[in-house]
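*Asks:* Before I ask anything, here is the structure I am working with.
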Amino acid sequence: MKNYDFKTIEKKWQDKWFKENSFKAIDFHPTKPKYYVLYEFFNISGNLHMGHLKGTVPSDALARMKRFQGYNVLFPIGGDSFGLPAENAAIKNGINPHKFVEEGAKKAFEQSRKIGLSFDWDRTFCTSDPDYYKWTQWIFLQLYNHGKAYKKEGVVNFCPNCKTVLSNEDSQGGKCDRCGGEVIQKKRWVWYLKMKEYSEKLLDNIDKINMAESLKEAQRNWIGKSEGMQVAFDLFNDKNEKLGKVEIFTTCIETIYGVTYVVLAPENSLIDSFKSNIKNWTEIEDYRKKTALRSEFDRLSDQKNKTGCKVDGLYVVNPVNKKKVPLYLADFVLAGYGTGAVMAVPAHDQRDWDFAKTYNIPIIQVIEGDSDRAVEKKEYLSANSKMMNSAEFDGMNVLQAKKKIADKVVSLGAGQKQINYKMQDWPFNRQRYWGEPFPIIFCDHCGTVALDEKDLPLVLPETDDYLPNEKGDSPLSKVKDWVECKCPKCGRIAHRETDTMPNWAGSSWYWLRYTDPHNPNALADFEKLKYWGSVDCYTGGTEHITRHVLYAFFWQNFLYEIGVVPTREPFLRKMGSGLILDDQGKKMSKSSTNGVSPLEVIDKYGADAARLHVHFLGGYEDNTPWTYDGISGITAFLDRVWALQEIVKGEDVSKEHKIELNKLIKKVTDDLEDLKLNTSISALMIFLKKVREDKFITKAELKAFLILLNPMAPHITSEIFENVFKSQILDESWPKYDEKYLVEDTINLPVQINGKLFKVIPVAKDILQEDLLAKIEKQYPEVYNKDVTLKKVVYVPNRIINLIK
RNA sequence: GCUGGUGUGGCGGAAUGGCAGACGCACAGGACUUAAAAUCCUGAGUUCGAAAGGACGUGUGGGUUCGACUCCCACCACCAGCACCA
């Protein structure tokens, strides 16, 4: 027999699978149930990297197993192509981004075939294809027409050097991600999507999805639900004339008797109408200017030194004890959260304490504990300390007082329960060329006008200038004959929105499009959406997982509410792929000293070996350090699998291998369902070892073994199958195991004396306790006989027996 | 700081509360070979012992249990996310 020549064999199968599109998903299959496996689409940038080998193979294995199990499997792939790589290539090297994407996608798909991934090639698309972004624009139109998209002036991160607005992610540490320059805060008109409205629905989605707890927690954190009270403090001038009220949000109503000042966010416009009562208005204006210039980074990095500005001439009154307290502006209060105003209780909040110390504001302790520092919520609640300086609540336990004080505030008519969320509405525009244009026109006469659906897609115009203008407007603003247009309503000259949508837009609904990727009349046919339903298993990297999944939930919920999709749940299960780490313990990249590309590994050892090796290193969600060490174990395993062809003897499952084979089927079936490839591979190795010891494998055993291994090593198993059985492995079905063959007739049973292992003895399966004790007495009379009284016997059949003397 | 997760041989890693270290690498010994590689077989947690066998052993310290890597409490370390969120 010839040696296993992976180069020829793997190419043969890859070409065949591609030519025949062997893994085509069938809409409305008459008999098979559907199963939808999704791997996040490729970010079209350069070559596939190690993360793809780690991330894709388990979902491929799951898809392949499900097909054997009789499911009609949808396992598609596409390209997330409206991204920075294409735009940067355009800016830096003058490459046309369309061309960049076209070539990049082609390369990514080709490389994925070299991994042996079983995608349905009839369903590919890229987010920058006009046929696709037509529907991204369409969804935006629906959002706009349903009042879920609005434009308002907001504060954004801006890089003066690149003249562009940056997301928080692109401006971490106050530095521009592109040029490294200083990022400033700038006012701009921003499109927002009303995501905040969906907070509870998103939390509901999080509860329902099958996903790692750490990922769920990160998402709940992002939404940041917090329950507290909104309380009104009446606002007076120094002539004791009531001017209005300041609404604050607090989660610590129990500390309200300790309020010694109230703080507004600098941006809060509440006091602007009382200018005439304020004695230090110029000082306030200066402070506002100063904080606006302060970058996000400065604000965060300077948390110790609180800055603020007293509002001279105004004061507020605490509703519970009618005490006057001063009013301040300070930039530690965020305008966008809660009411943009807080009551400050320095005795029980470190931040308020720091501020009070800086501005010499009194500190009133209202809950017992240390008085030389801020005793915070967590501490006094867990100790359930006693109240003090709180009028009728003195001496009460804080947990009880929290409820009673809340009741009092409500009965005074000064406040009510309130839920707040950290998550804000989604800022949805960028000043970039390479993105979906908004289907929006501004008309001096009609105002903001949405395009008609029939005018979609609004195609991105060609240009060779990909840089924003001096004012930081999008490059599209320079394409005059595109910007100028007729108002669809009145026909007068109007101009288009020149910002484009963020990269996230296209990825927030793409799984829906795979069900009907070429539909010109709808984002997807409703019946097809219903047939394919929610994604059964969604895998991918964890890099942007929190926001991506939340955006996906948001859009799917919205589309469900307007009747376009049949369910609120985009995904039933989400698995985040761990990273391949380099020798520094960081994510492997080109700059890693031991940086390796998957294609290099495939070239040296073959795709099957590469797939097995990477997944034998560790679990799907674990980070695993990269090494070539150990790959010889995998290639030796594959060589031995290949050599099985020489020891095929007999037809049916032999009695020698019956138990082992049944155990193997169960193990691999269960583990692949959980994407645990490492233990599946180990089980296959154990079975192989047994067969080689016995020097034979029957045809039935080989068939089962090859099918079980096929999802992980599809090429070699397809080849051996064809050689031995003269037919195609893809036509086979998944082997089944029989419960009664999972335990051997004779078991090695551990015998413990007083909880310590004494001996391991062979006994018959399901042996009765009395028979077992008799056997022990006969063999080891020194440890157990009639004269020994046992305090207790713990016997777990087929597992263990423990004799307590 | 907050939240979540992880911690097991020389290494990657296995173990529904029931023989810890499966499987693999590296290592050692042997077979084959003139030799090496490849391949095949065997061994191996640490430690005391010639051996039989014993002691210790899953980050640390306690607890629950006949029995704990697994459950509970406290602490330490690392990783990730969030971070002035009132």
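The chains in the structure tokens are called A, B, ... from first to last as shown; in each chain the residues are counted from 1, and the ligands are counted from 1 in the order shown.
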Kindly provide, as a PyMOL selection string, the residues of chain A having any atom no farther than 8 Å from an atom of chain B, counting only C-alpha atoms (C1' of nucleotides).

*Replies:* chain A and resi 213-214+217-218+221-222+224+249-251+300+303+332-333+337+342-344+351+422+617-618+629-630+633+679+681-683+685-686+750+754-755+757+760+792-794+796+799-800+802-804

*Asks:* Compare B:C69, B:A50, B:A44, B:A35 by their minimum atom-to-atom distance to U8 of chain B, counting only C-alpha atoms (C1' of nucleotides), and give me the closest one.

*Replies:* B:C69

*Asks:* Mind checking which residues fall within 12 Å of A31 of chain B, counting only C-alpha atoms (C1' of nucleotides), ignoring those fewer than 2 positions away in the same chain, and posting them as a PyMOL selection string?

*Replies:* chain B and resi 29+33+39-42

*Asks:* Keeping N, CA, C and O atoms (P, O5', C5', C4', C3', O3' and C1' of nucleotides), export the residues of the selection given above as a PDB file, in the first residue's frame.

*Replies:*
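Result file is selection_18.pdb:
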```pdb
ATOM      1  P     G B  29      18.614   5.731  27.553  1.00  0.00           P
ATOM      2  O5'   G B  29      17.925   4.287  27.646  1.00  0.00           O
ATOM      3  C5'   G B  29      18.205   3.425  28.733  1.00  0.00           C
ATOM      4  C4'   G B  29      17.288   2.236  28.718  1.00  0.00           C
ATOM      5  C3'   G B  29      17.327   1.391  27.453  1.00  0.00           C
ATOM      6  O3'   G B  29      18.437   0.522  27.396  1.00  0.00           O
ATOM      7  C1'   G B  29      15.084   1.756  28.076  1.00  0.00           C
ATOM      8  P     U B  33      18.021  -6.205  11.820  1.00  0.00           P
ATOM      9  O5'   U B  33      18.584  -4.788  11.383  1.00  0.00           O
ATOM     10  C5'   U B  33      18.188  -4.198  10.146  1.00  0.00           C
ATOM     11  C4'   U B  33      18.834  -2.849   9.997  1.00  0.00           C
ATOM     12  C3'   U B  33      20.350  -2.815  10.214  1.00  0.00           C
ATOM     13  O3'   U B  33      21.045  -3.231   9.052  1.00  0.00           O
ATOM     14  C1'   U B  33      19.320  -1.002  11.359  1.00  0.00           C
ATOM     15  P     U B  39       7.502   7.775  13.477  1.00  0.00           P
ATOM     16  O5'   U B  39       7.361   6.196  13.348  1.00  0.00           O
ATOM     17  C5'   U B  39       6.586   5.622  12.304  1.00  0.00           C
ATOM     18  C4'   U B  39       6.791   4.128  12.295  1.00  0.00           C
ATOM     19  C3'   U B  39       6.457   3.428  13.606  1.00  0.00           C
ATOM     20  O3'   U B  39       5.065   3.220  13.743  1.00  0.00           O
ATOM     21  C1'   U B  39       8.532   2.638  12.814  1.00  0.00           C
ATOM     22  P     C B  40       4.387   3.341  15.170  1.00  0.00           P
ATOM     23  O5'   C B  40       4.810   1.968  15.850  1.00  0.00           O
ATOM     24  C5'   C B  40       4.359   0.731  15.301  1.00  0.00           C
ATOM     25  C4'   C B  40       5.088  -0.408  15.948  1.00  0.00           C
ATOM     26  C3'   C B  40       5.053  -0.426  17.471  1.00  0.00           C
ATOM     27  O3'   C B  40       3.837  -0.933  17.966  1.00  0.00           O
ATOM     28  C1'   C B  40       7.254  -0.816  16.748  1.00  0.00           C
ATOM     29  P     C B  41       3.226  -0.361  19.328  1.00  0.00           P
ATOM     30  O5'   C B  41       4.102  -1.118  20.429  1.00  0.00           O
ATOM     31  C5'   C B  41       4.083  -2.540  20.517  1.00  0.00           C
ATOM     32  C4'   C B  41       5.128  -3.007  21.497  1.00  0.00           C
ATOM     33  C3'   C B  41       5.067  -2.351  22.871  1.00  0.00           C
ATOM     34  O3'   C B  41       4.066  -2.924  23.689  1.00  0.00           O
ATOM     35  C1'   C B  41       7.299  -2.382  22.124  1.00  0.00           C
ATOM     36  P     U B  42       3.349  -2.034  24.827  1.00  0.00           P
ATOM     37  O5'   U B  42       4.529  -1.836  25.884  1.00  0.00           O
ATOM     38  C5'   U B  42       5.009  -2.953  26.641  1.00  0.00           C
ATOM     39  C4'   U B  42       6.167  -2.521  27.492  1.00  0.00           C
ATOM     40  C3'   U B  42       5.917  -1.369  28.448  1.00  0.00           C
ATOM     41  O3'   U B  42       5.222  -1.774  29.611  1.00  0.00           O
ATOM     42  C1'   U B  42       7.984  -1.039  27.366  1.00  0.00           C
TER      43        U B  42
END
```
